[in-house]
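Engineer: Input file: entry03.cif. Contents: mmCIF, C-alpha atoms.
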data_query
#
loop_
_atom_site.group_PDB
_atom_site.id
_atom_site.type_symbol
_atom_site.label_atom_id
_atom_site.label_comp_id
_atom_site.auth_asym_id
_atom_site.auth_seq_id
_atom_site.Cartn_x
_atom_site.Cartn_y
_atom_site.Cartn_z
ATOM 1 C CA MET G 1249 83.560 -32.635 -66.445
ATOM 2 C CA PRO G 1250 80.494 -32.582 -64.077
ATOM 3 C CA ILE G 1251 78.913 -29.214 -63.273
ATOM 4 C CA LYS G 1252 79.163 -28.422 -59.533
ATOM 5 C CA GLY G 1253 76.104 -27.299 -57.545
ATOM 6 C CA LYS G 1254 73.579 -28.478 -60.053
ATOM 7 C CA HIS G 1255 71.297 -30.158 -57.427
ATOM 8 C CA ARG G 1256 71.896 -27.800 -54.506
ATOM 9 C CA ARG G 1257 69.125 -25.572 -53.130
ATOM 10 C CA SER G 1258 69.718 -21.874 -53.049
ATOM 11 C CA MET G 1259 70.439 -20.166 -49.718
ATOM 12 C CA SER G 1260 67.657 -17.711 -50.228
ATOM 13 C CA SER G 1261 65.064 -20.532 -50.212
ATOM 14 C CA ARG G 1262 66.155 -21.832 -46.797
ATOM 15 C CA PHE G 1263 66.031 -18.350 -45.280
ATOM 16 C CA ALA G 1264 62.566 -17.807 -46.674
ATOM 17 C CA ARG G 1265 61.225 -21.012 -45.135
ATOM 18 C CA ARG G 1266 62.737 -20.112 -41.756
ATOM 19 C CA LEU G 1267 61.127 -16.669 -41.811
ATOM 20 C CA VAL G 1268 57.723 -18.169 -42.595
ATOM 21 C CA ALA G 1269 58.077 -20.682 -39.766
ATOM 22 C CA ALA G 1270 59.108 -17.972 -37.337
ATOM 23 C CA GLY G 1271 56.130 -15.840 -38.367
ATOM 24 C CA THR G 1272 53.719 -18.752 -37.916
ATOM 25 C CA GLY G 1273 55.119 -19.608 -34.475
ATOM 26 C CA GLY G 1274 54.812 -15.998 -33.302
ATOM 27 C CA ALA G 1275 51.140 -15.858 -34.310
ATOM 28 C CA ALA G 1276 50.392 -19.102 -32.465
ATOM 29 C CA LEU G 1277 51.934 -17.708 -29.266
ATOM 30 C CA ALA G 1278 50.042 -14.391 -29.437
ATOM 31 C CA ILE G 1279 46.530 -15.871 -29.534
ATOM 32 C CA PRO G 1280 46.586 -17.628 -26.093
ATOM 33 C CA LEU G 1281 47.908 -14.471 -24.400
ATOM 34 C CA VAL G 1282 44.928 -12.402 -25.578
ATOM 35 C CA ALA G 1283 42.430 -15.110 -24.600
ATOM 36 C CA ALA G 1284 43.925 -15.473 -21.137
ATOM 37 C CA THR G 1285 43.632 -11.729 -20.476
ATOM 38 C CA THR G 1286 39.934 -11.726 -21.416
ATOM 39 C CA ALA G 1287 39.171 -14.786 -19.286
ATOM 40 C CA GLU G 1288 40.760 -13.238 -16.205
ATOM 41 C CA ALA G 1289 38.872 -9.930 -16.623
ATOM 42 C CA ALA G 1290 35.385 -11.515 -16.639
ATOM 43 C CA PRO G 1291 35.483 -13.078 -13.125
ATOM 44 C CA SER G 1292 36.880 -9.840 -11.724
ATOM 45 C CA ALA G 1293 33.928 -7.809 -13.072
ATOM 46 C CA GLN G 1294 31.465 -10.417 -11.826
ATOM 47 C CA HIS G 1295 33.017 -10.377 -8.329
ATOM 48 C CA ALA G 1296 32.813 -6.564 -8.198
ATOM 49 C CA ALA G 1297 29.109 -6.646 -9.175
ATOM 50 C CA THR G 1298 28.402 -9.232 -6.460
ATOM 51 C CA GLU G 1299 30.141 -7.125 -3.791
ATOM 52 C CA THR G 1300 28.117 -4.057 -4.882
ATOM 53 C CA ALA G 1301 24.812 -5.950 -4.586
ATOM 54 C CA VAL G 1302 25.713 -7.274 -1.120
ATOM 55 C CA THR G 1303 26.749 -3.801 0.057
ATOM 56 C CA SER G 1304 23.481 -2.256 -1.189
ATOM 57 C CA ALA G 1305 21.389 -4.949 0.536
ATOM 58 C CA ALA G 1306 23.296 -4.487 3.802
ATOM 59 C CA ALA G 1307 22.838 -0.717 3.643
ATOM 60 C CA GLN G 1308 19.095 -1.138 3.200
ATOM 61 C CA LYS G 1309 18.813 -3.414 6.248
ATOM 62 C CA ASP G 1310 20.897 -1.078 8.400
ATOM 63 C CA HIS G 1311 18.603 1.900 7.720
ATOM 64 C CA SER G 1312 15.317 0.134 8.570
ATOM 65 C CA ALA G 1313 13.959 -0.459 12.073
ATOM 66 C CA THR G 1314 10.970 -2.291 13.483
ATOM 67 C CA TYR G 1315 8.922 -1.314 16.535
ATOM 68 C CA THR G 1316 6.381 -3.551 18.283
ATOM 69 C CA VAL G 1317 3.307 -1.777 19.691
ATOM 70 C CA VAL G 1318 2.696 -2.102 23.431
ATOM 71 C CA SER G 1319 -0.346 -1.254 25.531
ATOM 72 C CA GLY G 1320 -0.953 2.502 25.760
ATOM 73 C CA ASP G 1321 0.872 3.266 22.486
ATOM 74 C CA SER G 1322 -0.439 5.570 19.793
ATOM 75 C CA LEU G 1323 1.099 6.581 16.463
ATOM 76 C CA ALA G 1324 1.645 10.096 17.822
ATOM 77 C CA LYS G 1325 3.431 8.772 20.902
ATOM 78 C CA ILE G 1326 5.649 6.414 18.874
ATOM 79 C CA ALA G 1327 6.557 9.147 16.361
ATOM 80 C CA ARG G 1328 7.410 11.548 19.185
ATOM 81 C CA GLU G 1329 9.530 9.079 21.182
ATOM 82 C CA HIS G 1330 11.504 8.013 18.088
ATOM 83 C CA SER G 1331 11.858 11.600 16.752
ATOM 84 C CA LEU G 1332 10.369 10.606 13.383
ATOM 85 C CA GLY G 1333 10.240 13.307 10.750
ATOM 86 C CA GLY G 1334 6.706 13.928 9.524
ATOM 87 C CA GLY G 1335 5.180 12.815 12.834
ATOM 88 C CA TRP G 1336 2.432 10.244 13.224
ATOM 89 C CA LYS G 1337 0.912 11.028 9.822
ATOM 90 C CA LYS G 1338 4.058 9.910 7.958
ATOM 91 C CA LEU G 1339 4.364 6.869 10.259
ATOM 92 C CA TYR G 1340 0.762 5.927 9.450
ATOM 93 C CA LYS G 1341 1.342 6.440 5.716
ATOM 94 C CA GLU G 1342 4.355 4.097 5.754
ATOM 95 C CA ASN G 1343 2.479 1.437 7.762
ATOM 96 C CA ARG G 1344 -1.053 1.864 6.389
ATOM 97 C CA GLN G 1345 -1.205 -1.730 5.135
ATOM 98 C CA ALA G 1346 -0.399 -3.085 8.613
ATOM 99 C CA VAL G 1347 -2.472 -0.581 10.619
ATOM 100 C CA GLY G 1348 -5.584 -0.537 8.423
ATOM 101 C CA SER G 1349 -7.979 2.303 7.641
ATOM 102 C CA ASN G 1350 -8.086 3.675 11.199
ATOM 103 C CA PRO G 1351 -4.788 5.186 12.473
ATOM 104 C CA SER G 1352 -6.288 5.622 15.925
ATOM 105 C CA LEU G 1353 -6.805 1.880 16.373
ATOM 106 C CA ILE G 1354 -3.528 0.002 16.916
ATOM 107 C CA HIS G 1355 -3.209 -3.131 19.013
ATOM 108 C CA PRO G 1356 -0.344 -4.423 21.186
ATOM 109 C CA GLY G 1357 1.924 -6.777 19.260
ATOM 110 C CA LEU G 1358 1.544 -4.935 15.923
ATOM 111 C CA ALA G 1359 4.927 -4.546 14.157
ATOM 112 C CA LEU G 1360 5.601 -1.103 12.658
ATOM 113 C CA THR G 1361 8.425 -0.137 10.301
ATOM 114 C CA LEU G 1362 10.243 3.069 11.272
ATOM 115 C CA GLY G 1363 11.891 4.758 8.296
ATOM 116 C CA GLY G 1364 11.725 1.647 6.064
ATOM 117 C CA LYS G 1365 10.821 3.515 2.921
ATOM 118 C CA ALA G 1366 13.638 6.016 3.230
ATOM 119 C CA ALA G 1367 16.137 3.186 3.577
ATOM 120 C CA ALA G 1368 14.751 1.434 0.527
ATOM 121 C CA GLY G 1369 14.989 4.640 -1.506
ATOM 122 C CA THR G 1370 18.644 5.097 -0.538
ATOM 123 C CA ALA G 1371 19.524 1.546 -1.531
ATOM 124 C CA ASP G 1372 17.725 1.910 -4.863
ATOM 125 C CA LYS G 1373 19.665 5.088 -5.672
ATOM 126 C CA SER G 1374 22.977 3.407 -4.846
ATOM 127 C CA SER G 1375 22.192 0.451 -7.101
ATOM 128 C CA ALA G 1376 21.076 2.736 -9.916
ATOM 129 C CA GLY G 1377 24.323 4.700 -9.738
ATOM 130 C CA GLN G 1378 26.355 1.534 -10.443
ATOM 131 C CA ALA G 1379 24.125 0.078 -13.152
ATOM 132 C CA ASP G 1380 25.694 -0.743 -16.524
ATOM 133 C CA PRO G 1381 24.617 1.181 -19.670
ATOM 134 C CA SER G 1382 22.369 -1.649 -20.880
ATOM 135 C CA SER G 1383 20.273 -1.598 -17.677
ATOM 136 C CA VAL G 1384 20.005 2.203 -17.813
ATOM 137 C CA THR G 1385 18.687 1.920 -21.369
ATOM 138 C CA THR G 1386 16.158 -0.683 -20.278
ATOM 139 C CA LYS G 1387 14.929 1.512 -17.406
ATOM 140 C CA THR G 1388 14.627 4.501 -19.738
ATOM 141 C CA GLU G 1389 12.583 2.502 -22.213
ATOM 142 C CA SER G 1390 10.361 1.197 -19.393
ATOM 143 C CA THR G 1391 9.818 4.759 -18.156
ATOM 144 C CA LYS G 1392 8.861 5.906 -21.638
ATOM 145 C CA SER G 1393 6.461 2.983 -21.944
ATOM 146 C CA ALA G 1394 4.884 3.787 -18.560
ATOM 147 C CA THR G 1395 4.540 7.448 -19.576
ATOM 148 C CA THR G 1396 2.842 6.451 -22.807
ATOM 149 C CA GLU G 1397 0.430 4.148 -20.987
ATOM 150 C CA SER G 1398 -0.343 6.901 -18.466
ATOM 151 C CA ALA G 1399 -1.092 9.380 -21.251
ATOM 152 C CA THR G 1400 -3.346 6.824 -22.960
ATOM 153 C CA THR G 1401 -5.221 6.192 -19.715
ATOM 154 C CA LYS G 1402 -5.748 9.914 -19.093
ATOM 155 C CA SER G 1403 -7.015 10.507 -22.634
ATOM 156 C CA ALA G 1404 -9.478 7.597 -22.492
ATOM 157 C CA PRO G 1405 -13.154 8.504 -22.012
ATOM 158 C CA ALA G 1406 -14.111 8.844 -18.348
ATOM 159 C CA GLU G 1407 -16.666 6.028 -18.450
ATOM 160 C CA ASN G 1408 -16.213 5.007 -14.805
ATOM 161 C CA THR G 1409 -16.325 8.487 -13.282
ATOM 162 C CA SER G 1410 -19.767 8.014 -11.814
ATOM 163 C CA ALA G 1411 -18.809 4.672 -10.259
ATOM 164 C CA ASP G 1412 -15.592 6.060 -8.732
ATOM 165 C CA SER G 1413 -17.324 9.119 -7.298
ATOM 166 C CA ALA G 1414 -20.214 7.167 -5.778
ATOM 167 C CA PRO G 1415 -20.335 7.660 -1.993
ATOM 168 C CA ALA G 1416 -18.968 4.827 0.099
ATOM 169 C CA PRO G 1417 -21.544 2.894 2.090
ATOM 170 C CA GLN G 1418 -22.124 4.383 5.537
ATOM 171 C CA SER G 1419 -20.832 2.401 8.499
ATOM 172 C CA THR G 1420 -23.388 1.358 11.061
ATOM 173 C CA TYR G 1421 -22.677 1.528 14.786
ATOM 174 C CA SER G 1422 -24.492 0.002 17.711
ATOM 175 C CA ASN G 1423 -26.173 2.436 20.080
ATOM 176 C CA ASP G 1424 -24.057 1.475 23.075
ATOM 177 C CA LEU G 1425 -20.630 2.211 24.509
ATOM 178 C CA ASP G 1426 -18.840 -0.027 21.971
ATOM 179 C CA GLY G 1427 -20.619 1.654 19.041
ATOM 180 C CA TRP G 1428 -19.995 5.169 20.408
ATOM 181 C CA ILE G 1429 -16.274 4.511 20.792
ATOM 182 C CA ARG G 1430 -15.951 2.979 17.312
ATOM 183 C CA GLN G 1431 -17.840 5.849 15.681
ATOM 184 C CA SER G 1432 -15.683 8.344 17.576
ATOM 185 C CA LEU G 1433 -12.513 6.614 16.381
ATOM 186 C CA ASP G 1434 -13.649 6.964 12.751
ATOM 187 C CA VAL G 1435 -14.378 10.679 13.254
ATOM 188 C CA MET G 1436 -10.998 11.114 14.958
ATOM 189 C CA ALA G 1437 -9.193 9.342 12.094
ATOM 190 C CA LYS G 1438 -10.712 11.756 9.572
ATOM 191 C CA ASN G 1439 -9.600 14.739 11.672
ATOM 192 C CA GLY G 1440 -6.095 13.488 12.543
ATOM 193 C CA ILE G 1441 -6.803 13.035 16.255
ATOM 194 C CA PRO G 1442 -4.767 10.200 17.840
ATOM 195 C CA GLY G 1443 -6.166 7.674 20.303
ATOM 196 C CA THR G 1444 -7.046 3.995 20.636
ATOM 197 C CA TYR G 1445 -10.106 2.023 21.660
ATOM 198 C CA ASP G 1446 -8.380 0.838 24.849
ATOM 199 C CA GLY G 1447 -7.316 4.357 25.857
ATOM 200 C CA ILE G 1448 -10.804 5.791 25.378
ATOM 201 C CA TYR G 1449 -12.562 2.899 27.110
ATOM 202 C CA ARG G 1450 -10.216 2.999 30.111
ATOM 203 C CA ASN G 1451 -10.797 6.725 30.695
ATOM 204 C CA ILE G 1452 -14.575 6.505 30.194
ATOM 205 C CA MET G 1453 -14.886 3.777 32.823
ATOM 206 C CA ARG G 1454 -12.912 5.903 35.283
ATOM 207 C CA GLU G 1455 -14.770 9.153 34.591
ATOM 208 C CA SER G 1456 -18.415 8.062 34.132
ATOM 209 C CA SER G 1457 -18.642 4.238 34.259
ATOM 210 C CA GLY G 1458 -20.050 4.437 30.718
ATOM 211 C CA ASN G 1459 -23.039 6.695 31.548
ATOM 212 C CA PRO G 1460 -23.409 9.418 28.842
ATOM 213 C CA GLN G 1461 -25.728 11.460 31.156
ATOM 214 C CA ALA G 1462 -23.236 11.546 34.040
ATOM 215 C CA ILE G 1463 -22.661 14.970 35.640
ATOM 216 C CA ASN G 1464 -20.396 16.036 38.500
ATOM 217 C CA GLY G 1465 -22.222 18.416 40.826
ATOM 218 C CA TRP G 1466 -19.760 18.645 43.693
ATOM 219 C CA ASP G 1467 -16.198 19.475 42.503
ATOM 220 C CA SER G 1468 -14.570 22.881 41.894
ATOM 221 C CA ASN G 1469 -15.882 23.023 38.313
ATOM 222 C CA ALA G 1470 -19.435 22.541 39.565
ATOM 223 C CA ALA G 1471 -18.873 25.244 42.170
ATOM 224 C CA ALA G 1472 -17.749 27.575 39.386
ATOM 225 C CA GLY G 1473 -20.921 26.852 37.414
ATOM 226 C CA THR G 1474 -19.357 24.627 34.769
ATOM 227 C CA PRO G 1475 -19.902 21.032 35.918
ATOM 228 C CA SER G 1476 -18.181 18.144 34.142
ATOM 229 C CA LYS G 1477 -20.559 16.246 31.846
ATOM 230 C CA GLY G 1478 -20.881 13.127 29.750
ATOM 231 C CA LEU G 1479 -18.834 10.007 29.180
ATOM 232 C CA LEU G 1480 -15.452 11.739 29.580
ATOM 233 C CA GLN G 1481 -16.630 14.469 31.975
ATOM 234 C CA VAL G 1482 -15.923 17.545 29.853
ATOM 235 C CA ILE G 1483 -16.834 21.060 31.034
ATOM 236 C CA ASP G 1484 -18.677 23.300 28.573
ATOM 237 C CA PRO G 1485 -15.797 25.752 27.863
ATOM 238 C CA THR G 1486 -13.468 22.852 26.991
ATOM 239 C CA PHE G 1487 -16.152 21.156 24.895
ATOM 240 C CA GLN G 1488 -16.743 24.308 22.861
ATOM 241 C CA ALA G 1489 -13.016 24.987 22.389
ATOM 242 C CA TYR G 1490 -12.222 21.459 21.206
ATOM 243 C CA HIS G 1491 -15.511 20.518 19.540
ATOM 244 C CA VAL G 1492 -14.919 18.443 16.394
ATOM 245 C CA PRO G 1493 -16.820 19.704 13.315
ATOM 246 C CA GLY G 1494 -19.531 17.356 12.104
ATOM 247 C CA THR G 1495 -20.511 16.191 15.583
ATOM 248 C CA SER G 1496 -23.364 17.352 17.795
ATOM 249 C CA MET G 1497 -23.071 20.598 19.759
ATOM 250 C CA ASP G 1498 -24.676 18.836 22.737
ATOM 251 C CA SER G 1499 -21.913 17.959 25.218
ATOM 252 C CA TYR G 1500 -23.995 15.013 26.466
ATOM 253 C CA ASP G 1501 -23.931 13.440 22.992
ATOM 254 C CA PRO G 1502 -21.629 10.388 23.355
ATOM 255 C CA VAL G 1503 -19.674 10.811 20.096
ATOM 256 C CA ALA G 1504 -19.393 14.601 20.429
ATOM 257 C CA ASN G 1505 -18.248 14.238 24.045
ATOM 258 C CA ILE G 1506 -15.632 11.561 23.256
ATOM 259 C CA THR G 1507 -14.172 13.329 20.220
ATOM 260 C CA ALA G 1508 -13.959 16.722 21.955
ATOM 261 C CA ALA G 1509 -12.271 15.150 24.994
ATOM 262 C CA CYS G 1510 -9.795 13.247 22.804
ATOM 263 C CA ASN G 1511 -9.061 16.401 20.810
ATOM 264 C CA TYR G 1512 -8.307 18.227 24.077
ATOM 265 C CA ALA G 1513 -6.173 15.321 25.379
ATOM 266 C CA ALA G 1514 -4.191 15.245 22.126
ATOM 267 C CA ALA G 1515 -3.413 18.961 22.427
ATOM 268 C CA VAL G 1516 -2.378 18.775 26.092
ATOM 269 C CA TYR G 1517 -1.047 15.219 26.608
ATOM 270 C CA GLY G 1518 -0.312 13.996 23.080
ATOM 271 C CA SER G 1519 -3.157 11.450 23.142
ATOM 272 C CA ILE G 1520 -6.035 10.226 25.294
ATOM 273 C CA ASP G 1521 -3.907 7.081 25.698
ATOM 274 C CA ASN G 1522 -1.499 9.097 27.837
ATOM 275 C CA VAL G 1523 -4.228 10.116 30.301
ATOM 276 C CA ASN G 1524 -4.306 7.901 33.391
ATOM 277 C CA GLY G 1525 -6.180 10.076 35.874
ATOM 278 C CA PRO G 1526 -8.136 13.319 36.216
ATOM 279 C CA TYR G 1527 -7.231 15.606 33.315
#
Please lay out the structure from this file as structure tokens.
Structural biologist:
Amino acid sequence: MPIKGKHRRSMSSRFARRLVAAGTGGAALAIPLVAATTAEAAPSAQHAATETAVTSAAAQKDHSATYTVVSGDSLAKIAREHSLGGGWKKLYKENRQAVGSNPSLIHPGLALTLGGKAAAGTADKSSAGQADPSSVTTKTESTKSATTESATTKSAPAENTSADSAPAPQSTYSNDLDGWIRQSLDVMAKNGIPGTYDGIYRNIMRESSGNPQAINGWDSNAAAGTPSKGLLQVIDPTFQAYHVPGTSMDSYDPVANITAACNYAAAVYGSIDNVNGPY
């Protein structure tokens, strides 16, 4: 009699194969889900970084302003009219490259930046606050490197000290009205006295026609015994009160007369550029 079930597979074997298949299918479905989540997160982070950069750039532009110099302007006048903190000295410091070595000599058409550096500093701080850890590490390492280089430079032998401390060559000026005004402007720049070539020249031509020996012997000052003298017609008490150190004590001296008059005009009118008549 034949034995039943001799070639049949056991039930447990079929169940085992089904469990393995189910396990394999589950793993295959899980992998794409994880990959899709990662792929969607990357563009989102990139978009956020782009928006941050655009916002920082816009903020920097909004905080900066440009002013174009017009005839009769001086750094002191511009700083006062725009209520700039730090006055004309800070304005000159921020625009030194455009103005040049003489803050008293600015020409119409010159473009000045008002508050540009402050705006840039604000934008830099905003960007730094949102930087990722890797960029912060890089900046820290750069700072350490710069500090090391600075320390090395300071500890190096001072071989070039004599060259650095050598006096700068003296400027030469012509012995005429142009040379007197230019020399006066250099003296004024060293003493923080505002004024421009045009402002000084205009007032000299009105007061003395360019004659350094001019004297007024008929007005009220002359009647009081203190006649107006020199290129800018300064009386002796005013000359002595506003005399600029380093210049001659002779009120007829062209440079001493100009600088003292401009010093007085700066104290009373803000600048010689603001004087358009008897002063």
Engineer: When the PyMOL selection byres ((chain G and resi 1427-1432) around 8) is applied to the file above, which residues end up in the set, as a list in words?
Structural biologist: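 Checked against the file, the PyMOL selection byres ((chain G and resi 1427-1432) around 8) matches Tyr1421, Ser1422, Asn1423, Asp1424, Leu1425, Asp1426, Leu1433, Asp1434, Val1435, Met1436, Tyr1445, Ile1448, Tyr1449, Pro1502, Val1503, Ala1504, Ile1506 and Thr1507 of chain G.
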Engineer: What lies within 10 Å of segment 1476-1489 of chain G using all atoms listed in the file, ignoring chain neighbours under 5 positions off, as an MDAnalysis selection string?
Structural biologist: chainID G and resid 1425 1448:1449 1451:1470 1497:1512 1526:1527
Engineer: Taking all atoms of segment 1342-1350 of chain G that the file lists and extending 6 Å past them on each side, where is the centre of the axis-aligned box and how long are its edges? Answer in Å to one decimal, as AutoDock Vina command-line options.
Structural biologist:
--center_x -1.9 --center_y 0.5 --center_z 8.2 --size_x 24.4 --size_y 19.2 --size_z 18.1
Engineer: In terms of the shortest atom-to-atom distance over only C-alpha atoms, which of G:Ser1519, G:Ser1319, G:Asn1524, G:Ser1331 is closest to Ile1441 of chain G?
Structural biologist: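 Under the stated criterion, the closest residue is G:Ser1519.
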Engineer: Thr1444 of chain G: which residues within 8 Å, counting only C-alpha atoms, same-chain residues fewer than 2 positions away excluded, as a list in words?
Structural biologist: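 Surrounding residues, per the criterion: Ser1322, Ser1352, Leu1353, Ile1354, Leu1433, Pro1442, Asp1446, Gly1447, Ile1448, Ile1520 and Asp1521 of chain G.
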Engineer: Figure out the distance between atom CA of Asp1321 of chain G and atom CA of Gly1363 of chain G, please, to one decimal in Å.
Structural biologist: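 A separation of 18.0 Å between them.
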Engineer: What is the distance, in Å and to one decimal place, between atom CA of Ala1359 of chain G and atom CA of Thr1316 of chain G?
Structural biologist: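 For atom CA of Ala1359 of chain G relative to atom CA of Thr1316 of chain G, the distance reads 4.5 Å.
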Engineer: Enter the distance from atom CA of Val1347 of chain G to atom CA of Ser1496 of chain G, in Å, rounded to one decimal.
Structural biologist: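 Here the two named atoms are 28.5 Å from each other.
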Engineer: Under the rule that all atoms listed in the file are counted, which of G:Val1523, G:Val1492, G:Ala1437, G:Leu1339 is the nearest residue to Tyr1315 of chain G?
Structural biologist: G:Leu1339
